[in-house]
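Enquirer: Take a look at target-v7.csv, CSV, C-alpha atoms:
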```csv
chain,number,residue,atom,x,y,z
A,2,MET,CA,63.5,112.4,105.6
A,3,ASP,CA,66.5,113.2,107.9
A,4,GLU,CA,68.9,115.7,106.2
A,5,PHE,CA,72.5,116.3,107.2
A,6,PRO,CA,75.6,117.7,105.5
A,7,GLY,CA,77.1,115.0,103.2
A,8,ARG,CA,74.0,112.8,103.0
A,9,SER,CA,74.4,112.1,99.3
A,10,GLU,CA,78.1,111.4,99.8
A,11,LEU,CA,77.2,108.8,102.5
A,12,VAL,CA,74.5,107.2,100.3
A,13,THR,CA,77.0,106.8,97.4
A,14,LEU,CA,79.6,105.3,99.7
A,15,VAL,CA,77.1,102.8,101.2
A,16,GLU,CA,76.0,101.8,97.7
A,17,SER,CA,79.6,101.1,96.8
A,18,LEU,CA,80.2,98.9,100.0
A,19,VAL,CA,77.2,96.5,100.0
A,20,PRO,CA,75.3,94.6,97.3
A,21,ALA,CA,72.3,96.4,95.8
A,22,ASP,CA,70.1,93.5,96.9
A,23,TRP,CA,71.0,94.3,100.5
A,24,LEU,CA,69.7,97.9,100.3
A,25,ASP,CA,66.6,96.9,98.3
A,26,ALA,CA,65.7,94.1,100.8
A,27,ALA,CA,66.2,96.5,103.7
A,28,ARG,CA,64.0,99.2,102.1
A,29,HIS,CA,61.2,96.6,101.6
A,30,GLY,CA,61.6,94.9,105.0
A,31,ASP,CA,62.4,91.6,103.3
A,32,GLU,CA,64.2,89.9,106.2
A,33,GLU,CA,64.9,86.6,104.4
A,34,ARG,CA,66.4,88.3,101.4
A,35,LEU,CA,68.4,90.6,103.6
A,36,VAL,CA,70.0,87.8,105.5
A,37,SER,CA,70.9,86.2,102.2
A,38,ALA,CA,72.4,89.4,100.9
A,39,LYS,CA,74.5,89.8,104.0
A,40,ALA,CA,76.0,86.3,103.8
A,41,GLY,CA,79.8,86.4,103.6
A,42,THR,CA,80.0,90.1,104.1
A,43,ASP,CA,83.2,91.5,105.6
A,44,ASN,CA,81.6,93.7,108.3
A,45,PRO,CA,84.9,95.1,109.7
A,46,ALA,CA,85.9,96.2,106.1
A,47,ILE,CA,82.6,98.1,105.8
A,48,VAL,CA,83.1,99.8,109.2
A,49,ARG,CA,86.6,100.7,108.3
A,50,ALA,CA,85.6,102.3,105.0
A,51,LEU,CA,82.8,104.3,106.8
A,52,GLY,CA,85.3,105.3,109.6
A,53,GLU,CA,87.9,106.5,107.1
A,54,ALA,CA,85.2,108.8,105.6
A,55,GLY,CA,84.2,110.0,109.1
A,56,TRP,CA,80.8,108.3,109.2
A,57,THR,CA,81.2,105.8,112.1
A,58,ALA,CA,81.5,108.8,114.4
A,59,PRO,CA,80.3,111.9,112.6
A,60,HIS,CA,80.1,113.8,115.9
A,61,PHE,CA,83.9,113.5,116.4
A,62,PRO,CA,86.0,116.6,115.4
A,63,ASP,CA,86.7,116.7,111.7
A,64,ASP,CA,90.5,116.5,112.4
A,65,ALA,CA,90.0,113.5,114.8
A,66,GLY,CA,88.2,110.9,112.7
A,67,GLY,CA,84.8,112.5,112.4
A,68,ARG,CA,82.9,115.2,110.5
A,69,GLY,CA,82.2,117.7,113.3
A,70,LEU,CA,78.4,117.3,113.1
A,71,PRO,CA,76.2,118.3,116.0
A,72,ARG,CA,74.6,115.5,118.0
A,73,ASN,CA,71.2,115.8,116.2
A,74,GLU,CA,72.7,115.5,112.8
A,75,ALA,CA,75.0,112.6,113.9
A,76,GLU,CA,71.9,110.8,115.1
A,77,ALA,CA,70.3,111.3,111.7
A,78,VAL,CA,73.3,109.6,110.1
A,79,TYR,CA,72.9,106.7,112.5
A,80,ARG,CA,69.2,106.4,111.8
A,81,LEU,CA,69.9,106.2,108.0
A,82,LEU,CA,72.6,103.5,108.4
A,83,ASP,CA,70.4,101.6,110.9
A,84,THR,CA,67.5,101.7,108.5
A,85,TRP,CA,69.6,99.8,106.0
A,86,GLU,CA,71.2,97.6,108.7
A,87,ILE,CA,74.7,98.8,107.8
A,88,PRO,CA,77.3,97.8,110.3
A,89,ARG,CA,78.7,101.0,111.7
A,90,THR,CA,80.3,100.2,115.1
A,91,PRO,CA,83.9,99.1,115.5
A,92,ARG,CA,84.4,96.0,117.5
A,93,GLY,CA,85.5,96.3,121.2
A,94,SER,CA,84.8,98.9,123.8
A,95,GLY,CA,86.3,101.9,122.0
A,96,MET,CA,83.2,103.5,120.6
A,97,PRO,CA,80.7,103.0,123.5
A,98,LEU,CA,83.2,103.5,126.4
A,99,ALA,CA,86.5,105.1,125.5
A,100,ALA,CA,85.2,107.6,122.9
A,101,PRO,CA,82.8,109.5,125.3
A,102,THR,CA,85.6,109.8,127.8
A,103,ILE,CA,88.2,111.0,125.4
A,104,LEU,CA,85.8,113.6,123.9
A,105,GLU,CA,84.9,115.0,127.3
A,106,TRP,CA,88.3,114.9,129.0
A,107,SER,CA,91.2,114.8,126.6
A,108,SER,CA,93.3,117.5,124.9
A,109,ASP,CA,92.9,118.2,121.2
A,110,GLU,CA,96.3,116.5,120.6
A,111,THR,CA,95.2,113.3,122.4
A,112,LYS,CA,91.9,113.3,120.5
A,113,ARG,CA,93.8,113.5,117.2
A,114,ARG,CA,96.0,110.5,118.3
A,115,LEU,CA,93.4,108.2,119.8
A,116,LEU,CA,90.1,108.8,118.0
A,117,PRO,CA,90.8,108.2,114.3
A,118,PRO,CA,92.0,104.5,114.6
A,119,LEU,CA,89.2,103.9,117.1
A,120,ALA,CA,86.6,105.1,114.6
A,121,THR,CA,87.9,102.9,111.8
A,122,GLY,CA,88.3,99.8,114.1
A,123,GLU,CA,92.0,99.8,113.4
A,124,GLU,CA,92.6,99.8,117.1
A,125,ARG,CA,90.2,97.8,119.2
A,126,TRP,CA,89.9,98.9,122.9
A,127,CYS,CA,89.6,97.0,126.2
A,128,GLN,CA,89.3,98.3,129.8
A,129,LEU,CA,92.0,98.1,132.4
A,130,PHE,CA,90.1,99.1,135.6
A,131,SER,CA,89.5,96.2,138.0
A,132,GLU,CA,92.4,94.7,140.0
A,133,PRO,CA,92.7,91.6,142.2
A,134,GLY,CA,92.5,93.9,145.3
A,135,ALA,CA,90.3,96.6,143.8
A,136,GLY,CA,87.0,95.4,142.3
A,137,SER,CA,84.0,96.8,144.1
A,138,ASP,CA,86.2,99.4,145.8
A,139,LEU,CA,87.8,100.3,142.5
A,140,ALA,CA,89.3,103.6,143.8
A,141,SER,CA,91.7,101.6,146.0
A,142,LEU,CA,93.6,100.5,142.9
A,143,ALA,CA,97.3,100.0,143.3
A,144,THR,CA,98.6,100.0,139.7
A,145,THR,CA,101.1,103.0,139.5
A,146,ALA,CA,102.1,105.4,136.8
A,147,VAL,CA,105.2,107.5,137.5
A,148,ARG,CA,106.2,110.4,135.3
A,149,ASP,CA,109.5,110.3,133.4
A,150,GLY,CA,109.8,113.3,131.2
A,151,ASP,CA,107.2,113.0,128.4
A,152,GLU,CA,106.3,109.5,129.4
A,153,TRP,CA,104.7,107.6,132.2
A,154,VAL,CA,106.1,104.3,133.6
A,155,VAL,CA,103.3,101.9,134.5
A,156,ASN,CA,103.5,98.9,136.8
A,157,GLY,CA,100.7,96.7,138.2
A,158,GLN,CA,98.1,94.1,137.5
A,159,LYS,CA,94.6,94.2,136.1
A,160,VAL,CA,92.0,91.5,135.9
A,161,TRP,CA,88.6,90.6,134.2
A,162,THR,CA,89.8,92.5,131.1
A,163,THR,CA,87.2,91.6,128.4
A,164,PHE,CA,88.8,90.8,125.1
A,165,GLY,CA,92.2,92.0,126.3
A,166,HIS,CA,93.8,89.3,124.2
A,167,GLN,CA,92.2,90.8,121.0
A,168,SER,CA,92.8,94.5,121.7
A,169,GLU,CA,95.4,97.0,120.6
A,170,MET,CA,94.5,99.8,123.0
A,171,ALA,CA,93.2,99.9,126.6
A,172,MET,CA,91.5,102.4,128.9
A,173,LEU,CA,93.8,102.4,131.9
A,174,ILE,CA,93.4,104.1,135.3
A,175,ALA,CA,96.5,104.2,137.5
A,176,ARG,CA,97.7,105.8,140.7
A,177,THR,CA,99.9,108.8,140.0
A,178,ASP,CA,99.8,110.4,143.5
A,179,PRO,CA,99.9,108.0,146.5
A,180,ASP,CA,100.0,110.9,148.9
A,181,ALA,CA,96.5,112.0,147.8
A,182,PRO,CA,93.2,110.4,149.0
A,183,LYS,CA,92.4,107.4,146.9
A,184,HIS,CA,89.9,109.1,144.6
A,185,LYS,CA,92.2,112.1,144.0
A,186,GLY,CA,95.4,110.5,143.0
A,187,ILE,CA,94.3,108.6,139.9
A,188,THR,CA,95.0,109.5,136.2
A,189,TYR,CA,93.4,108.0,133.1
A,190,PHE,CA,95.5,106.8,130.1
A,191,GLY,CA,95.2,105.2,126.8
A,192,LEU,CA,97.6,102.2,126.9
A,193,ASP,CA,99.1,100.5,123.9
A,194,MET,CA,98.5,96.8,124.5
A,195,ARG,CA,101.3,96.0,122.1
A,196,ALA,CA,103.9,97.9,124.2
A,197,ASP,CA,106.9,96.2,125.8
A,198,GLY,CA,106.1,95.0,129.3
A,199,VAL,CA,102.4,94.2,128.7
A,200,GLU,CA,101.6,90.5,129.3
A,201,VAL,CA,98.1,89.2,128.7
A,202,ARG,CA,97.0,85.9,130.3
A,203,SER,CA,93.6,84.6,129.3
A,204,LEU,CA,91.0,83.2,131.7
A,205,VAL,CA,88.4,80.6,130.8
A,206,ASN,CA,84.9,81.2,132.1
A,207,MET,CA,82.4,78.6,133.2
A,208,ALA,CA,80.9,78.4,129.7
A,209,GLY,CA,84.3,77.4,128.4
A,210,GLN,CA,84.8,80.7,126.6
A,211,VAL,CA,88.0,82.8,126.5
A,212,GLU,CA,86.6,86.3,127.1
A,213,PHE,CA,88.4,87.6,130.2
A,214,ASN,CA,92.0,88.2,130.9
A,215,GLU,CA,94.6,89.1,133.5
A,216,VAL,CA,97.0,91.8,132.3
A,217,PHE,CA,100.4,92.4,133.9
A,218,MET,CA,102.3,95.6,133.2
A,219,THR,CA,106.0,95.8,134.0
A,220,ASP,CA,107.8,99.2,133.3
A,221,VAL,CA,105.4,99.9,130.5
A,222,ARG,CA,106.0,103.3,128.9
A,223,VAL,CA,103.0,105.5,128.0
A,224,PRO,CA,103.5,108.8,126.1
A,225,ASP,CA,102.0,111.7,127.9
A,226,ARG,CA,100.0,112.5,124.7
A,227,CYS,CA,98.1,109.3,125.4
A,228,ARG,CA,97.0,110.7,128.8
A,229,ILE,CA,93.2,110.9,128.6
A,230,SER,CA,92.4,112.9,131.7
A,231,PRO,CA,94.1,115.8,133.5
A,232,ILE,CA,96.6,114.5,136.1
A,233,GLY,CA,94.8,113.5,139.2
A,234,GLU,CA,91.3,113.6,137.6
A,235,GLY,CA,91.2,110.1,136.4
A,236,TRP,CA,88.5,109.0,138.8
A,237,ALA,CA,86.1,111.6,137.5
A,238,ALA,CA,86.9,110.6,134.0
A,239,ALA,CA,86.4,107.0,134.9
A,240,MET,CA,82.9,107.8,136.0
A,241,THR,CA,82.2,108.9,132.4
A,242,THR,CA,83.3,105.5,131.2
A,243,LEU,CA,81.4,103.6,133.9
A,244,GLY,CA,78.2,105.5,133.2
A,245,ALA,CA,78.5,104.7,129.5
A,246,GLU,CA,79.1,101.0,130.4
A,247,ARG,CA,76.0,100.8,132.6
A,248,HIS,CA,74.0,102.2,129.7
A,249,ALA,CA,75.6,99.7,127.2
A,250,LEU,CA,74.8,96.8,129.5
A,251,SER,CA,71.3,97.9,130.1
A,252,GLY,CA,70.1,98.0,126.5
A,253,SER,CA,67.1,95.9,125.6
A,254,LYS,CA,67.4,95.5,121.9
A,255,LYS,CA,68.0,91.9,120.9
A,256,LYS,CA,70.0,91.2,117.8
A,257,ARG,CA,69.3,88.5,115.3
A,258,ARG,CA,71.7,86.0,116.8
A,259,ALA,CA,72.3,85.3,120.5
A,260,GLY,CA,76.0,85.3,119.9
A,261,ASP,CA,75.8,89.0,119.0
A,262,GLU,CA,74.1,90.0,122.3
A,263,ILE,CA,76.5,91.7,124.6
A,264,LEU,CA,75.1,89.9,127.7
A,265,GLY,CA,74.8,86.5,126.2
A,266,GLY,CA,71.7,84.3,126.3
A,267,LYS,CA,69.1,83.4,123.8
A,268,PRO,CA,66.7,86.0,122.5
A,269,LEU,CA,63.0,85.8,123.5
A,270,ALA,CA,61.9,85.0,120.0
A,271,GLU,CA,64.2,82.0,119.8
A,272,ILE,CA,63.0,80.7,123.2
A,273,LEU,CA,59.4,81.1,122.1
A,274,THR,CA,60.1,79.1,118.9
A,275,ARG,CA,61.7,76.3,121.0
A,276,ALA,CA,58.7,76.3,123.4
A,277,GLN,CA,56.4,75.9,120.4
A,278,SER,CA,58.4,73.1,118.8
A,279,GLY,CA,58.6,71.3,122.1
A,280,GLY,CA,54.8,71.5,122.6
A,281,VAL,CA,55.0,73.5,125.9
A,282,ALA,CA,54.1,77.0,124.6
A,283,SER,CA,50.4,76.4,125.4
A,284,GLU,CA,51.1,75.5,129.0
A,285,ALA,CA,49.7,78.2,131.3
A,286,ALA,CA,52.8,78.6,133.4
A,287,VAL,CA,55.1,78.8,130.4
A,288,ARG,CA,52.8,81.1,128.5
A,289,GLN,CA,52.6,83.5,131.4
A,290,ARG,CA,56.3,83.6,131.9
A,291,LEU,CA,56.9,84.3,128.2
A,292,ALA,CA,54.4,87.1,128.2
A,293,ARG,CA,56.0,88.5,131.3
A,294,ALA,CA,59.4,88.4,129.6
A,295,HIS,CA,58.0,90.2,126.6
A,296,ALA,CA,56.4,92.9,128.8
A,297,ASP,CA,59.6,93.3,130.8
A,298,SER,CA,61.7,93.7,127.7
A,299,TRP,CA,59.4,96.4,126.3
A,300,THR,CA,59.3,98.3,129.6
A,301,LEU,CA,63.1,98.1,129.9
A,302,GLY,CA,63.5,99.5,126.4
A,303,GLN,CA,61.3,102.5,127.3
A,304,ASN,CA,63.2,103.1,130.6
A,305,THR,CA,66.6,102.8,128.9
A,306,ARG,CA,65.7,105.7,126.6
A,307,ARG,CA,64.8,108.0,129.4
A,308,PHE,CA,67.3,107.1,132.1
A,309,GLN,CA,70.6,108.9,132.0
A,310,GLY,CA,73.6,109.1,134.4
A,311,PRO,CA,73.3,107.2,137.7
A,312,GLN,CA,69.7,106.2,136.8
A,313,GLY,CA,71.3,103.9,134.3
A,314,SER,CA,72.0,101.6,137.2
A,315,ILE,CA,68.3,100.9,137.5
A,316,THR,CA,68.1,99.5,133.9
A,317,LYS,CA,71.4,97.7,134.4
A,318,ILE,CA,70.0,95.8,137.4
A,319,ALA,CA,66.8,95.1,135.5
A,320,LYS,CA,68.6,93.9,132.4
A,321,ALA,CA,70.8,91.5,134.4
A,322,THR,CA,67.9,90.1,136.4
A,323,GLY,CA,65.5,89.8,133.4
A,324,ASN,CA,68.1,88.1,131.2
A,325,GLN,CA,69.0,85.6,133.8
A,326,GLN,CA,65.4,84.7,134.5
A,327,LEU,CA,64.7,84.4,130.8
A,328,GLN,CA,67.6,81.9,130.3
A,329,GLU,CA,66.4,79.9,133.4
A,330,LEU,CA,63.0,79.6,131.6
A,331,ALA,CA,64.9,78.4,128.5
A,332,MET,CA,66.5,75.7,130.5
A,333,GLU,CA,63.1,74.6,131.9
A,334,ILE,CA,61.7,74.5,128.4
A,335,LEU,CA,64.6,72.3,127.3
A,336,GLY,CA,64.0,69.9,130.2
A,337,ALA,CA,66.2,66.9,130.1
A,338,ASP,CA,67.8,68.2,126.9
A,339,ALA,CA,69.5,70.8,129.1
A,340,LEU,CA,71.4,67.9,130.9
A,341,ALA,CA,72.6,65.8,128.0
A,342,TRP,CA,72.7,65.9,124.2
A,343,GLU,CA,74.2,64.0,121.3
A,344,SER,CA,77.9,64.4,120.8
A,345,GLY,CA,78.5,67.0,118.1
A,346,ASP,CA,75.1,68.7,118.5
A,347,ALA,CA,76.4,72.3,118.4
A,348,ASP,CA,72.9,73.8,118.7
A,349,ALA,CA,72.2,72.0,122.0
A,350,ALA,CA,75.6,72.9,123.4
A,351,ASP,CA,75.1,76.6,122.4
A,352,TRP,CA,71.9,76.8,124.5
A,353,ILE,CA,73.8,75.7,127.6
A,354,GLU,CA,76.8,77.9,126.8
A,355,GLN,CA,74.6,80.9,126.4
A,356,PHE,CA,72.8,80.1,129.7
A,357,LEU,CA,76.1,79.8,131.6
A,358,ARG,CA,77.4,83.0,130.1
A,359,THR,CA,74.5,85.0,131.5
A,360,ARG,CA,75.4,84.1,135.1
A,361,GLY,CA,78.0,86.9,134.8
A,362,ASN,CA,75.3,89.5,134.0
A,363,SER,CA,74.9,90.5,137.7
A,364,ILE,CA,78.7,90.8,138.2
A,365,GLU,CA,80.2,92.4,135.1
A,366,GLY,CA,80.1,96.2,134.7
A,367,GLY,CA,79.7,96.6,138.4
A,368,THR,CA,77.8,94.1,140.5
A,369,SER,CA,74.1,94.4,141.0
A,370,GLU,CA,74.9,95.1,144.7
A,371,ILE,CA,77.1,98.0,143.8
A,372,GLN,CA,74.4,99.3,141.3
A,373,ARG,CA,71.9,99.2,144.1
A,374,ASN,CA,74.2,101.4,146.2
A,375,ILE,CA,74.5,103.8,143.3
A,376,VAL,CA,70.7,104.0,143.0
A,377,GLY,CA,70.3,104.5,146.7
A,378,GLU,CA,72.9,107.2,147.1
A,379,ARG,CA,72.9,109.0,143.8
A,380,VAL,CA,69.3,108.6,142.6
A,381,LEU,CA,67.3,108.4,145.8
A,382,GLY,CA,69.6,110.6,147.9
A,383,LEU,CA,70.0,108.1,150.8
A,384,PRO,CA,73.0,108.5,153.2
A,385,ARG,CA,76.3,107.2,151.8
A,386,GLU,CA,78.0,104.2,153.3
A,387,PRO,CA,80.5,105.4,156.0
A,388,ASP,CA,84.1,105.5,154.9
A,389,PRO,CA,86.5,105.6,157.9
A,390,PHE,CA,89.4,106.4,155.6
A,391,LYS,CA,87.8,109.3,153.8
A,392,GLY,CA,90.4,112.1,153.1
A,393,ILE,CA,93.4,110.0,154.2
A,394,ALA,CA,96.3,109.6,151.8
A,395,TRP,CA,96.0,106.4,149.8
A,396,LYS,CA,99.5,105.2,151.0
A,397,ASP,CA,98.3,105.3,154.6
A,398,VAL,CA,95.1,103.3,154.1
A,399,PRO,CA,95.6,99.6,155.2
A,400,ARG,CA,95.2,97.0,152.5
A,401,SER,CA,94.9,93.3,152.9
```
Output the file's structure as structure tokens, nothing else.
Expert:
Amino acid sequence: MDEFPGRSELVTLVESLVPADWLDAARHGDEERLVSAKAGTDNPAIVRALGEAGWTAPHFPDDAGGRGLPRNEAEAVYRLLDTWEIPRTPRGSGMPLAAPTILEWSSDETKRRLLPPLATGEERWCQLFSEPGAGSDLASLATTAVRDGDEWVVNGQKVWTTFGHQSEMAMLIARTDPDAPKHKGITYFGLDMRADGVEVRSLVNMAGQVEFNEVFMTDVRVPDRCRISPIGEGWAAAMTTLGAERHALSGSKKKRRAGDEILGGKPLAEILTRAQSGGVASEAAVRQRLARAHADSWTLGQNTRRFQGPQGSITKIAKATGNQQLQELAMEILGADALAWESGDADAADWIEQFLRTRGNSIEGGTSEIQRNIVGERVLGLPREPDPFKGIAWKDVPRS
């Protein structure tokens, strides 16, 4: 049994937050009873209570929303909570993407400001990186941040901001020194999405979902204590975030419902059930492809555990490709039902919506083409693509 400081305190807290039947069902692996016990549960309230006690991020400093535990003891905390299937991760990008960057790059004052409400879910985070003219070449970004005493004044536009319309805070990289080369003149901030001058315009994707947004910033003031990186070191800090994002988007663990899966699409088990009910699971071609998908998922899971840093691009590519191929198989299994269904049939519509959502897998979080460049240059050590403007001040680089 994993031991860590405060274990009995955590157990007592969990027992006060969820029904006793929940814990008993989890201990005995009774899935049906567990689903029933979870019905109607306020997951954000559970996460908030855990966060307020320092358990959603026990590795955070004890004065910044955590308990100051070393990584191995924090992982023991997570294993215990996961054994009971207790929700422990705040919604949004704060915990997987912002937190590692803040912990590595920020001052103690900034950690104390940004981490506690992140850990409780009080402040949900989004990411303000991509711009209309700076997507694949992110370092060419043009959003500016000009210092004014203890504040920075931000002007610019970002795009493809996932859940920006539901977020209170944002990871923002902006240009603070136009006289420096493009990678050197960037600084990383925590931006309050509720601040004056922030305008969010939602975008509707091909599946009819409102997930992405454009964000316009006009004379937005950001306190210097919300500056996450040292001045001019925002690009290096952004690499911490992007590395964490690749890892998050390459995970292979499927959750119980397709709607919970970060990449969208139907889980393999649900597709198998549909194939069986449709009478096609015994067809050789379908059976082989389902078996291949299962093997690929298992292999991806093993590789995800061992790949770190730029090697995460390998599993990110594999996850995007594998998930898209799996959903294409789902459409073939549906057959004519993928083209038309009875009005009001929410289940049928959901299959199509999930399929359409997965078309973005090879684009979001860095396109598969960019990921292959990362693998080639940073994993295999191949020559980098030539940059005729390397070392030139950003302001002197031509932009279309």
Enquirer: With all atoms listed in the file as the atoms that count, which of A:Leu119, A:Ala239, A:Val48, A:Leu264 lies nearest to Ala175 (chain A)?
Expert: A:Ala239
Enquirer: At a cut-off of 10 Å, using only C-alpha atoms, what residues contact Thr84 (chain A)? Leave out same-chain residues fewer than 6 positions from it and give the result as a list in words.
Expert: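 With the cut-off at 10 Å, the set is Leu24, Ala27, Arg28, Gly30 and Val78 of chain A.
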Enquirer: Could you check which of A:Ala46, A:Val19, A:Ala77, A:Val160 is closest to Glu123 (chain A), using only C-alpha atoms?
Expert: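 Residue with the minimum atom-to-atom distance to Glu123 (chain A): A:Ala46.
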Enquirer: Name the residues in contact with region 269-280 of chain A at a cut-off of 12 Å, using all atoms listed in the file, excluding same-chain residues fewer than 4 positions from it; report them as a PyMOL selection string.
Expert: chain A and resi 253-259+262+284+286-299+323-338+348-349+352+356
Enquirer: Output C-alpha atoms for every residue in that selection, as a PDB file, keeping the file's coordinate frame.
Expert:
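Saved as result-v6.pdb:
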```pdb
ATOM      1  CA  SER A 253      67.100  95.900 125.600  1.00  0.00           C
ATOM      2  CA  LYS A 254      67.400  95.500 121.900  1.00  0.00           C
ATOM      3  CA  LYS A 255      68.000  91.900 120.900  1.00  0.00           C
ATOM      4  CA  LYS A 256      70.000  91.200 117.800  1.00  0.00           C
ATOM      5  CA  ARG A 257      69.300  88.500 115.300  1.00  0.00           C
ATOM      6  CA  ARG A 258      71.700  86.000 116.800  1.00  0.00           C
ATOM      7  CA  ALA A 259      72.300  85.300 120.500  1.00  0.00           C
ATOM      8  CA  GLU A 262      74.100  90.000 122.300  1.00  0.00           C
ATOM      9  CA  GLU A 284      51.100  75.500 129.000  1.00  0.00           C
ATOM     10  CA  ALA A 286      52.800  78.600 133.400  1.00  0.00           C
ATOM     11  CA  VAL A 287      55.100  78.800 130.400  1.00  0.00           C
ATOM     12  CA  ARG A 288      52.800  81.100 128.500  1.00  0.00           C
ATOM     13  CA  GLN A 289      52.600  83.500 131.400  1.00  0.00           C
ATOM     14  CA  ARG A 290      56.300  83.600 131.900  1.00  0.00           C
ATOM     15  CA  LEU A 291      56.900  84.300 128.200  1.00  0.00           C
ATOM     16  CA  ALA A 292      54.400  87.100 128.200  1.00  0.00           C
ATOM     17  CA  ARG A 293      56.000  88.500 131.300  1.00  0.00           C
ATOM     18  CA  ALA A 294      59.400  88.400 129.600  1.00  0.00           C
ATOM     19  CA  HIS A 295      58.000  90.200 126.600  1.00  0.00           C
ATOM     20  CA  ALA A 296      56.400  92.900 128.800  1.00  0.00           C
ATOM     21  CA  ASP A 297      59.600  93.300 130.800  1.00  0.00           C
ATOM     22  CA  SER A 298      61.700  93.700 127.700  1.00  0.00           C
ATOM     23  CA  TRP A 299      59.400  96.400 126.300  1.00  0.00           C
ATOM     24  CA  GLY A 323      65.500  89.800 133.400  1.00  0.00           C
ATOM     25  CA  ASN A 324      68.100  88.100 131.200  1.00  0.00           C
ATOM     26  CA  GLN A 325      69.000  85.600 133.800  1.00  0.00           C
ATOM     27  CA  GLN A 326      65.400  84.700 134.500  1.00  0.00           C
ATOM     28  CA  LEU A 327      64.700  84.400 130.800  1.00  0.00           C
ATOM     29  CA  GLN A 328      67.600  81.900 130.300  1.00  0.00           C
ATOM     30  CA  GLU A 329      66.400  79.900 133.400  1.00  0.00           C
ATOM     31  CA  LEU A 330      63.000  79.600 131.600  1.00  0.00           C
ATOM     32  CA  ALA A 331      64.900  78.400 128.500  1.00  0.00           C
ATOM     33  CA  MET A 332      66.500  75.700 130.500  1.00  0.00           C
ATOM     34  CA  GLU A 333      63.100  74.600 131.900  1.00  0.00           C
ATOM     35  CA  ILE A 334      61.700  74.500 128.400  1.00  0.00           C
ATOM     36  CA  LEU A 335      64.600  72.300 127.300  1.00  0.00           C
ATOM     37  CA  GLY A 336      64.000  69.900 130.200  1.00  0.00           C
ATOM     38  CA  ALA A 337      66.200  66.900 130.100  1.00  0.00           C
ATOM     39  CA  ASP A 338      67.800  68.200 126.900  1.00  0.00           C
ATOM     40  CA  ASP A 348      72.900  73.800 118.700  1.00  0.00           C
ATOM     41  CA  ALA A 349      72.200  72.000 122.000  1.00  0.00           C
ATOM     42  CA  TRP A 352      71.900  76.800 124.500  1.00  0.00           C
ATOM     43  CA  PHE A 356      72.800  80.100 129.700  1.00  0.00           C
TER      44      PHE A 356
END
```
Enquirer: Could you check which of A:Ala238, A:Ile315, A:Leu11, A:Ile232 is closest to Leu81 (chain A), using only C-alpha atoms?
Expert: A:Leu11
Enquirer: Which one of A:Ala341, A:Val36, A:Val221, A:Leu115 sits closest to Gly157 (chain A) if you count all atoms listed in the file?
Expert: A:Val221
Enquirer: Would you mind telling me which residue in A:Thr219, A:Thr242, A:Gln210, A:Ser168 lies nearest to Arg125 (chain A) when using all atoms listed in the file?
Expert: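 Ranked by minimum distance to Arg125 (chain A), first place goes to A:Ser168.
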Enquirer: Take CA of Thr121 (chain A) and CA of Arg89 (chain A) and report the distance between them in Å, one decimal.
Expert: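 Separation of CA of Thr121 (chain A) and CA of Arg89 (chain A): 9.4 Å.
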Enquirer: For Ser230 (chain A), which residue out of A:Glu105, A:Glu132, A:Asp149, A:Glu343 is the nearest one, using all atoms listed in the file?
Expert: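 Comparing A:Glu105, A:Glu132, A:Asp149, A:Glu343 against Ser230 (chain A), the winner is A:Glu105.
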Enquirer: Please, what distance in Å, to one decimal, runs between CA of Glu215 (chain A) and CA of Arg49 (chain A)?
Expert: 28.9 Å
Enquirer: Using 8 Å of padding on each side, determine the axis-aligned box around all atoms of region 37-56 of chain A present in the file and give its centre and edge lengths in Å to one decimal, as lines of an AutoDock Vina configuration file.
Expert:
```
center_x = 79.4
center_y = 98.1
center_z = 105.3
size_x = 33.0
size_y = 39.8
size_z = 24.8
```
Enquirer: Tell me, in Å to one decimal, how far CA of Ser37 (chain A) is from CA of Leu82 (chain A).
Expert: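 Interatomic distance here is 18.5 Å.
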Enquirer: Please determine the residues with any atom at most 12 Å from (85.0, 93.0, 132.8) (coordinates as given in the file, with only C-alpha atoms counting) and report them as a PyMOL selection string.
Expert: chain A and resi 94+127-132+136-137+159-165+204+206+212-215+243+246-247+250+263-264+361-368
Enquirer: Excluding Gln355 (chain A) and residues on its chain fewer than 5 positions from it, collect all residues at most 7 Å away from it, counting only C-alpha atoms, and give them as a PyMOL selection string.
Expert: chain A and resi 265-267
